[in-house]
Structure formats: structure tokens, C-alpha cells
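Here's the structure we're looking at; comments come further down.
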Amino acid sequence: LEDSPQENGVQTNQYSSISPPASPDAQDEPFSTYFEEKVAIPSDVSQVFSFRKLWAFTGPGFLMSIAYLDPGNIESDLQSGAKAGFKLLWVLLGATIIGLLLQRLAARLGVVTGMHLAEVCNRQYPTVPRVILWLMVELAIIGSDMQEVIGCAIAFNLLSVGRIPLWAGVLITITDTFVFLFLDKYGLRKLEAFFGFLITIMALSFGYEYVLVKPDQGELLKGMFLPYCAGCGPVQLEQAVGIVGAVIMPHNIYLHSALVKSRDVDRKNKKEVKEANKYYFIESTIALFVSFLINVFVVAVFAQAFYNKTNIEVNALCNSTGSPHADLFPLNNGTLEVDIYKGGIVLGCVFGPAALYIWAIGILAAGQSSTMTGTYSGQFVMEGFLNLRWSRFARVLLTRSIAITPTLLVAIFQDVHHLTGMNDFLNVLQSMQLPFALIPILTFTSLTSIMNDFANGLVWKISGGIVILVVCAINMYFVVVYVTALNSVLLYVLAALLSIAYLCFVGYLAWHCLVALGVSCLDFGSRVAKMREAALLLTSCALLGVLLSSSQAARPGQDMRCGACRALVDEMEWAISQVDPKKMIQTGSFRINPDGSQSIREVPLARSEGNLLELMESVCERMEDYGEHTDPSTNRKSYIRVKSRSGEAMDLSEATLDSRVTASLKFACETIVEQHEDEVIEFFAHETDNVKDKLCSKRTDLCDHALKMPHDEL
């Protein structure tokens, strides 16, 4: 196989699938966007569930949940109520539950690996696909940010009775976002409390409207738990698809995987990692339940008050109350169409000015909070994909400029009364970007080489694959409906060309996912052939791949860790043997002499701690010289050298050389070095005999036969 150049320190070749990321510890940065401090987790709690620990983990889930409450979601909610009444509440419930499952995967990736999704993608994919993936995610962030900033500008316009134009509202939002983003300088918990305050404002504002309108509770519960839409047509179907697209947002997966890094969790301690995953899931459940209630408030208000209302009826209501905005609703019998601006106007016409201003306050809180979290998303994505090493202010300025420039242009040239078309386009844009978050998160959380014991099990792999397939299919339907409504041959041709490129890239990501899951039928001779065949075989091999990888994941993963440990010992012993044993080095000890001086002792240079640490930094690079051998009688795998120390090829009859295997072996080796650094130094520093068995079996349990052996006091 012909090797390609190294990318991000990971050796790849043209036939490899996905190379595991480098050791997370090697990626630590001297600065961080959101983690200049880490929240300590109480360690003096022993019970199975602790509210103190839950409180310590509370924060990231609520910041993540804000994406479920942005102005785009609010607009989708009010349109759902106005067009379908309570009949689509079950779709909202289902979409929120699906979102929770996907957020669980994102949180687990961040907790287990210590890296967020963008960082993992940076270490997994080759340069060109990585850049394309970054651009797609940036498009999603820009689309979401435009909705959020425009939402804030509309709120300012409503609160000022039209005195603040759209462009001025955008500038105000940009300015205050910069100010609020630096609140974390005063403490991470204070920043999280501020977001909690904004969520509370939304709950109170939209809750007030809910109490004011007094929706029919029976119809509400029926619409929420009865998955049926009586008398619904294409309009309601499109609205149902729009709900799913508005709720499940691609950049939020990247955001959540980064936010969970803000807690002080020892990733070397399996118990702490498991506990963190549990509390983060509980917190995310609570946070999304709160966001679901707020969304229900909005749907119910417009379902009760404006379902089946016509434009002429609303025009008459506004005229009767003396509203200056009655001309927004034409004198015809068309069904009422509302957005977040017209929604506030309608509430003011029917329920008085207080309803309008309280609605605007809720929209302002939704837009402001989601704009801030969107900025965090942009920073995490840009830092992770591009490996930026800029100052905090420079990163905020760049990510804000990229997202805000098109928003400002829209605000200048677009009328506040006619933004529904733009919102539909932005929803389509974000729907198209969903595969670029969902496919990578399923891929990486299913790989034992990355997640170790926390990789997805059979149920999660199957359910995750089905959920992602369904969500992507629903959103593609939304895109097709939008494009076919354009009624332009030129736009049809352009859409067709873009669709070909889009589907090729999605197929590429899906191929990576399936090969990583162990679907051997997709592992063809060359990358070009794989790209051509992946699109054709994707549907037929997807379920087969999930089943195969799940049923065979445990044993190969165990063999891989054991083999990596034993290979590490062999390479360390060989490297030590290359140093002159007569060379000594003086090292200080912790023993203090009576005269106050420090004791000095001589140790062999080869076995000094400094030399051992230096060897451990490079020893895993030699895993690429190993091949896989399968015992035909037990089907167990072991790993042996297939290249001599001098680089010459050796007899390959006993082993196979597979770049995917060696990449996984390398990552397993790096994980062992990271997690068992002290043990490795202890054994080699004292010239312990039989290091291989003592380190890999008795001390670390990396080799499964150690489960039958008692731990010795070594």
C-alpha cells in the first residue's frame, strides 16, 4: 500500500478508512474559549444519585437547549399552531426526544475523549473532506445566526413601535453579544446563570401568553400523544417536516460536545467518566423538557387563537382595536400566515398591547441567548477544524464577522414585514447540513478505538442509524418541496448539479462510517472505487454493517488493547537496549540530608524517567510496522511485526498488513500510554522481569486472561 503524507500527526494511506485521533492530552491548549476555569465535581458523595453532583453538572445542557428555543423554532411553533392547530404537537415531542438521543451521543464523545466533535473530525478526515465539512457546518451556523440576529432585531422593532429599524436592531444585537460573551471572565457559573435567566424570561413571557389565551387542555393532550393528523394535507405535512428541521440543528451537536468539557472529570477514571455521562444525560433531559414546554406554550397560543383564521378576520380584529398594522393582513379569505413579527402584531390586536410587548421580550431573550450560543458554536467549529491558535478576541471577531455580514445585508435591503421567505430558505439550508453532524457523531461514538468501553452498543447503533436515516430523509423531503416550489428551470438545473455534489460528499461520509463500523463489503481496492460503490451499496449494507460491527466489537477491541500493550513493551525494551547501559545520569530524590542538601543518585540513562518519557512519546508511531494474525482455532487476534527494525519487509504469511488495523493499534497504544504512564515508568525504571505479563495482565487487565488471575502486589 502506498502511504500518503502524515496529516495532523496521523499516518494515513489511500486505502485507509479513518485514523483515530492522537492522544487527547497532546491536544491540550494553553487557552480555551469557554473553559478558562473548570467546575469542580463533589468527591465526598457516595450515594448512587446526588443532587449536589447534578447541580455541579448543570449548565452545558441548558446552554445546548437554547438552540431548541431560537427564533427559528419559535416561528416554526407559531406557524404549526396557526396551520394545524394542536395536531402536530406529537411531531414536536418526537423531534425533541430524537434531539435528546443525539445530544447524548455528543455529550459522551466530549466526556470520553476530552475532544469536541470538530476536533475529532480534524484528526479523522483527510484535508479536503475536512475543509468541505467545515464549510458545510459554517453554512449551518451562518443560517442559524441570521435567524437569531434577525429575531432580536424584530424584537427591538416591536418594543420600539417601529422606531428602531431592522438594520439598527442587528447592530445593537452584535454589540451586546460581544459584551455578554465576555461574562465568563467573571466566572463560568455566572455565565451559565445568565443563560438560565434568559430561559426563565422566555418561560415567563410565553407562559403569560399561554395563560392569557387559555388553550383547550384536552385538545392539547390529544395532539401531543396521539400520532395522527386528521384532515391534514400538504400544508400540514410540510409544516411537520419543518418542525423536525427547526428542532434538530447540526451546529448544536458540535456545541454540546464542547460544552461538556467545562467540568473537571478525570478521564482516566472509568467510574468518573461513567458518572459524568449519567448526570449529563439527566441534565440534558431536564433542559430539553423545559424547552419543550416553552415550545408547547407557543404552539398552543396560536393553535387556540388563530387556527383556521383568515386574513380578512384578523384585519377586522386589528381595525376594531385601532392597530396601525391592519394593512399587514390582506382583505381576502386566505388562511392566516404569520411569522414572529406578524405573530406579535396579531397578539397585540386580539389580546392588547401588553401581549405584544411581552411576546417581543420573549423573542428578544430567545434571539439574544441563541446568538451567544451560536457564537460559541462558531468558535468551537473553527478552532477544531482549522486548529486555530489565535487570541480570544480575534477568534470572536472572526466568527462574528463571518456570520453577521450576510445578516446585516439582509437587514439593510429587506423589509421587516416580508421575512418569511428568507426564513424558509434558511430552514432548508440548515436541513441540508444535518448529515454533516449526524453521520460523524454516530461514526465516532460507535468506534471502540475512540470510545473504548463507552462505544455505542447494539441498540444504540441500530436506533442511532435509523434515527439519522429518518431525520435526513425527512429533511431531504423538505428541501425537495422547497426547490420544486421555485418554478424556475434554471434553478432546477442548478439544484440538480448541487445535489450531485452534495450526495457524493454525504456518500463519502457514510462510506467512512460504514467501513469504520466493520462493513467489509465496502472495503474495495481503491478509494475511487469505494466512492463510486458507496452510494449504490449504502442502503443494502447499512443494517448489515451495524449488526456485524455490534456483534463482533467486544472481542476485537479487547484483542486490540492487549496486542497494543504487548507491542508497546517490545518496542520500549528494544529502544532501551539501544542506549549504552554504562551511561549514567544524576537525579535528585525526595530524601533530604541532615545538612539540608538534596540526595543525588545515579541511574542508568536508558532507564531514567526523562528518557522513558521521551521514548513513550514516539513508541506508538512504530505500531505501523505491525500486522494482524488470526488464530484459526480460536479466532483470537494477535499483533506481530511485519517489518524489520531496519525497515525491510518480513514474511507476511503469518499476518496481514491493514492500515485501518495499524491505525487502531496506534490509537490503542496512545491510550495505554496516556492512562498507564506511571505504571510503564515504574516497570521499566526498575528493570522488572517479565514486564509484558505483569503490565498488560496483572496490573492493567488489558489482556483478558488476567481476569482469572489475582492482582499481585508488584
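Ordered as shown in the C-alpha cells, chains take letters A, B, and onward, while each chain numbers its residues from 1 and ligands are numbered from 1 in the order shown.
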Determine, for each residue of region 54-164 of chain A having at least one atom at most 9 Å from an atom of region 439-457 of chain A, the closest pair of atoms and their separation in Å to one decimal, counting only C-alpha atoms; order by chain and ascending number, as JSON lines.
```
{"residue": "A:Leu102", "atom": "CA", "partner": "A:Ile441", "partner_atom": "CA", "distance": 8.2}
{"residue": "A:Leu105", "atom": "CA", "partner": "A:Thr445", "partner_atom": "CA", "distance": 6.7}
{"residue": "A:Ala106", "atom": "CA", "partner": "A:Ile441", "partner_atom": "CA", "distance": 6.6}
{"residue": "A:Arg108", "atom": "CA", "partner": "A:Thr445", "partner_atom": "CA", "distance": 7.6}
{"residue": "A:Leu109", "atom": "CA", "partner": "A:Thr445", "partner_atom": "CA", "distance": 6.1}
{"residue": "A:Val112", "atom": "CA", "partner": "A:Met451", "partner_atom": "CA", "distance": 6.3}
{"residue": "A:Thr113", "atom": "CA", "partner": "A:Met451", "partner_atom": "CA", "distance": 6.9}
{"residue": "A:Leu117", "atom": "CA", "partner": "A:Ile441", "partner_atom": "CA", "distance": 7.1}
{"residue": "A:Val120", "atom": "CA", "partner": "A:Phe444", "partner_atom": "CA", "distance": 8.1}
{"residue": "A:Cys121", "atom": "CA", "partner": "A:Pro440", "partner_atom": "CA", "distance": 7.5}
```
Write a file of the selected residues as a PDB file, in the first residue's frame, keeping N, CA, C and O atoms.
```pdb
ATOM      1  N   LEU A 102     -29.590  12.330  20.217  1.00  0.00           N
ATOM      2  CA  LEU A 102     -28.410  12.804  19.500  1.00  0.00           C
ATOM      3  C   LEU A 102     -27.502  13.633  20.408  1.00  0.00           C
ATOM      4  O   LEU A 102     -26.272  13.542  20.326  1.00  0.00           O
ATOM      5  N   LEU A 105     -25.244  11.413  22.459  1.00  0.00           N
ATOM      6  CA  LEU A 105     -24.047  10.966  21.754  1.00  0.00           C
ATOM      7  C   LEU A 105     -22.979  12.060  21.763  1.00  0.00           C
ATOM      8  O   LEU A 105     -21.796  11.780  21.972  1.00  0.00           O
ATOM      9  N   ALA A 106     -23.396  13.308  21.534  1.00  0.00           N
ATOM     10  CA  ALA A 106     -22.440  14.417  21.512  1.00  0.00           C
ATOM     11  C   ALA A 106     -21.768  14.591  22.868  1.00  0.00           C
ATOM     12  O   ALA A 106     -20.545  14.782  22.955  1.00  0.00           O
ATOM     13  N   ARG A 108     -21.375  12.337  25.263  1.00  0.00           N
ATOM     14  CA  ARG A 108     -20.495  11.199  25.556  1.00  0.00           C
ATOM     15  C   ARG A 108     -19.162  11.325  24.811  1.00  0.00           C
ATOM     16  O   ARG A 108     -18.107  10.996  25.359  1.00  0.00           O
ATOM     17  N   LEU A 109     -19.206  11.795  23.568  1.00  0.00           N
ATOM     18  CA  LEU A 109     -17.962  11.961  22.823  1.00  0.00           C
ATOM     19  C   LEU A 109     -17.039  12.949  23.531  1.00  0.00           C
ATOM     20  O   LEU A 109     -15.834  12.697  23.689  1.00  0.00           O
ATOM     21  N   VAL A 112     -15.766  11.363  27.064  1.00  0.00           N
ATOM     22  CA  VAL A 112     -14.870  10.205  26.979  1.00  0.00           C
ATOM     23  C   VAL A 112     -13.537  10.569  26.338  1.00  0.00           C
ATOM     24  O   VAL A 112     -12.477  10.150  26.811  1.00  0.00           O
ATOM     25  N   THR A 113     -13.560  11.345  25.256  1.00  0.00           N
ATOM     26  CA  THR A 113     -12.324  11.633  24.519  1.00  0.00           C
ATOM     27  C   THR A 113     -11.624  12.900  24.986  1.00  0.00           C
ATOM     28  O   THR A 113     -10.435  13.075  24.720  1.00  0.00           O
ATOM     29  N   LEU A 117     -16.490  17.471  18.843  1.00  0.00           N
ATOM     30  CA  LEU A 117     -16.681  16.817  17.554  1.00  0.00           C
ATOM     31  C   LEU A 117     -15.810  17.427  16.457  1.00  0.00           C
ATOM     32  O   LEU A 117     -15.265  16.704  15.619  1.00  0.00           O
ATOM     33  N   VAL A 120     -12.290  16.079  16.760  1.00  0.00           N
ATOM     34  CA  VAL A 120     -12.204  14.688  16.327  1.00  0.00           C
ATOM     35  C   VAL A 120     -12.244  14.610  14.800  1.00  0.00           C
ATOM     36  O   VAL A 120     -11.481  13.862  14.178  1.00  0.00           O
ATOM     37  N   CYS A 121     -13.129  15.385  14.180  1.00  0.00           N
ATOM     38  CA  CYS A 121     -13.193  15.409  12.712  1.00  0.00           C
ATOM     39  C   CYS A 121     -11.860  15.863  12.124  1.00  0.00           C
ATOM     40  O   CYS A 121     -11.402  15.336  11.102  1.00  0.00           O
TER      41      CYS A 121
END
```
I'd like the neighbourhood of region 469-472 of chain A as a PDB file with N, CA and C atoms, in the first residue's frame, where a residue qualifies if any of its atoms comes within 10 Å (using only C-alpha atoms), though same-chain residues fewer than 6 positions away should be ignored.
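See result-v5.pdb below for the written result:
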```pdb
ATOM      1  N   ALA A  95     -39.620  14.953  17.832  1.00  0.00           N
ATOM      2  CA  ALA A  95     -38.384  15.609  17.403  1.00  0.00           C
ATOM      3  C   ALA A  95     -37.509  15.963  18.599  1.00  0.00           C
ATOM      4  N   ILE A  98     -35.857  12.729  19.809  1.00  0.00           N
ATOM      5  CA  ILE A  98     -34.764  12.388  18.899  1.00  0.00           C
ATOM      6  C   ILE A  98     -33.564  13.308  19.154  1.00  0.00           C
ATOM      7  N   VAL A 241     -42.613  18.514   8.666  1.00  0.00           N
ATOM      8  CA  VAL A 241     -41.212  18.373   8.276  1.00  0.00           C
ATOM      9  C   VAL A 241     -40.407  19.574   8.763  1.00  0.00           C
ATOM     10  N   VAL A 244     -39.317  19.280  12.454  1.00  0.00           N
ATOM     11  CA  VAL A 244     -38.140  18.431  12.668  1.00  0.00           C
ATOM     12  C   VAL A 244     -36.872  19.184  12.276  1.00  0.00           C
ATOM     13  N   GLY A 245     -36.926  19.884  11.139  1.00  0.00           N
ATOM     14  CA  GLY A 245     -35.754  20.631  10.689  1.00  0.00           C
ATOM     15  C   GLY A 245     -35.383  21.773  11.613  1.00  0.00           C
ATOM     16  N   ILE A 248     -33.925  19.956  15.269  1.00  0.00           N
ATOM     17  CA  ILE A 248     -32.632  19.258  15.231  1.00  0.00           C
ATOM     18  C   ILE A 248     -31.679  20.062  14.368  1.00  0.00           C
ATOM     19  N   SER A 431     -31.332  22.306   7.084  1.00  0.00           N
ATOM     20  CA  SER A 431     -31.742  20.913   6.907  1.00  0.00           C
ATOM     21  C   SER A 431     -30.722  20.151   6.069  1.00  0.00           C
ATOM     22  N   MET A 432     -30.174  20.808   5.060  1.00  0.00           N
ATOM     23  CA  MET A 432     -29.199  20.151   4.192  1.00  0.00           C
ATOM     24  C   MET A 432     -27.892  19.858   4.917  1.00  0.00           C
ATOM     25  N   GLN A 433     -27.598  20.586   5.980  1.00  0.00           N
ATOM     26  CA  GLN A 433     -26.324  20.390   6.688  1.00  0.00           C
ATOM     27  C   GLN A 433     -26.400  19.316   7.772  1.00  0.00           C
ATOM     28  N   LEU A 434     -27.594  18.798   8.042  1.00  0.00           N
ATOM     29  CA  LEU A 434     -27.733  17.826   9.133  1.00  0.00           C
ATOM     30  C   LEU A 434     -26.835  16.596   8.999  1.00  0.00           C
ATOM     31  N   PRO A 435     -26.709  15.986   7.805  1.00  0.00           N
ATOM     32  CA  PRO A 435     -25.836  14.804   7.714  1.00  0.00           C
ATOM     33  C   PRO A 435     -24.400  15.075   8.129  1.00  0.00           C
ATOM     34  N   LEU A 438     -24.662  14.562  11.984  1.00  0.00           N
ATOM     35  CA  LEU A 438     -25.217  13.300  12.485  1.00  0.00           C
ATOM     36  C   LEU A 438     -24.365  12.096  12.086  1.00  0.00           C
ATOM     37  N   ILE A 439     -23.879  12.059  10.849  1.00  0.00           N
ATOM     38  CA  ILE A 439     -23.063  10.909  10.427  1.00  0.00           C
ATOM     39  C   ILE A 439     -21.744  10.844  11.200  1.00  0.00           C
ATOM     40  N   SER A 463     -30.579   1.999  16.627  1.00  0.00           N
ATOM     41  CA  SER A 463     -31.520   3.118  16.793  1.00  0.00           C
ATOM     42  C   SER A 463     -30.908   4.412  16.272  1.00  0.00           C
ATOM     43  N   PHE A 478     -38.109  17.996   2.757  1.00  0.00           N
ATOM     44  CA  PHE A 478     -38.329  19.426   2.961  1.00  0.00           C
ATOM     45  C   PHE A 478     -37.598  20.229   1.881  1.00  0.00           C
ATOM     46  N   THR A 539     -27.611   1.669   1.159  1.00  0.00           N
ATOM     47  CA  THR A 539     -28.860   1.205   1.756  1.00  0.00           C
ATOM     48  C   THR A 539     -28.808  -0.268   2.125  1.00  0.00           C
ATOM     49  N   ALA A 542     -26.151  -0.944   5.132  1.00  0.00           N
ATOM     50  CA  ALA A 542     -26.189  -0.182   6.381  1.00  0.00           C
ATOM     51  C   ALA A 542     -26.569  -1.045   7.575  1.00  0.00           C
TER      52      ALA A 542
END
```
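With distances restricted to only C-alpha atoms, A:Gly85 is the closest residue to Asp216 (chain A) from A:Pro129, A:Pro234, A:Gly85, A:Gly94.
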Exercise: Ser284 (chain A) partners within 9 Å, only C-alpha atoms, chain neighbours under 4 positions left out, as a PyMOL selection string: chain A and resi 58+60-62+64-65+100+103-104+279-280+288-289
Keeping only N, CA and C atoms, write the selected residues to a file as a compact mmCIF listing (two decimals), in the first residue's frame.
```
# COMPACT_ATOMS: atom_id res chain seq x y z
N THR A 58 -24.88 20.71 36.07
CA THR A 58 -25.93 21.51 35.42
C THR A 58 -25.34 22.76 34.78
N PRO A 60 -24.16 22.98 30.92
CA PRO A 60 -23.99 22.73 29.48
C PRO A 60 -25.27 22.30 28.78
N GLY A 61 -26.09 21.48 29.43
CA GLY A 61 -27.33 21.03 28.82
C GLY A 61 -28.30 22.17 28.58
N PHE A 62 -28.36 23.13 29.50
CA PHE A 62 -29.27 24.26 29.33
C PHE A 62 -28.76 25.21 28.24
N MET A 64 -27.09 24.18 25.68
CA MET A 64 -27.43 23.43 24.46
C MET A 64 -28.90 23.57 24.12
N SER A 65 -29.77 23.57 25.14
CA SER A 65 -31.22 23.59 24.90
C SER A 65 -31.69 24.91 24.29
N LEU A 100 -32.76 14.68 21.94
CA LEU A 100 -32.13 14.25 23.19
C LEU A 100 -31.19 13.08 22.95
N GLN A 103 -28.10 14.43 21.29
CA GLN A 103 -27.29 15.21 22.23
C GLN A 103 -26.56 14.30 23.21
N ARG A 104 -27.16 13.17 23.53
CA ARG A 104 -26.49 12.20 24.40
C ARG A 104 -25.19 11.71 23.75
N TYR A 279 -24.95 11.95 34.65
CA TYR A 279 -25.50 13.23 35.09
C TYR A 279 -25.73 14.19 33.92
N TYR A 280 -24.87 14.12 32.92
CA TYR A 280 -25.10 14.96 31.74
C TYR A 280 -26.38 14.56 31.02
N LEU A 288 -34.11 19.86 28.02
CA LEU A 288 -34.95 19.75 26.83
C LEU A 288 -36.43 19.63 27.19
N PHE A 289 -36.73 19.13 28.40
CA PHE A 289 -38.12 19.13 28.85
C PHE A 289 -38.61 20.57 29.03
```
From region 118-241 of chain A, collect each residue whose DSSP state is alpha helix (DSSP H) and return the set as number ranges by chain. A: 118-124, 127-159, 166-181, 188-213, 217-225, 234-241
Set out as a Markdown table a contact list for region 126-164 of chain A and region 334-357 of chain A with a cut-off of 10 Å, giving each residue of region 126-164 of chain A that qualifies its closest atom pair and distance in Å to one decimal, counting only C-alpha atoms, ordered by chain and rising residue number.
```
| residue | atom | partner | partner_atom | distance |
| --- | --- | --- | --- | --- |
| A:Gly151 | CA | A:Ile340 | CA | 7.6 |
| A:Ile154 | CA | A:Tyr341 | CA | 6.3 |
| A:Ala155 | CA | A:Tyr341 | CA | 7.8 |
| A:Asn157 | CA | A:Tyr341 | CA | 8.9 |
| A:Leu158 | CA | A:Tyr357 | CA | 7.1 |
| A:Leu159 | CA | A:Tyr357 | CA | 6.0 |
| A:Ser160 | CA | A:Tyr357 | CA | 9.4 |
| A:Val161 | CA | A:Tyr357 | CA | 9.5 |
```
Mind checking which residues fall within 9 Å of Leu255 (chain A), counting only C-alpha atoms, ignoring those fewer than 6 positions away in the same chain, and posting them as a count of residues only? 11
Shortest interatomic distance to Asn332 (chain A) - which of A:Ile312, A:Leu388, A:Leu89, A:Leu612, counting only C-alpha atoms: A:Ile312
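Distance-wise, CA of Ser664 (chain A) and CA of Asp625 (chain A) end up 12.7 Å apart.
Take CA of Trp359 (chain A) and CA of Leu237 (chain A): the distance between them is 27.1 Å.
Take CA of Ser50 (chain A) and CA of Phe194 (chain A): the distance between them is 24.2 Å.
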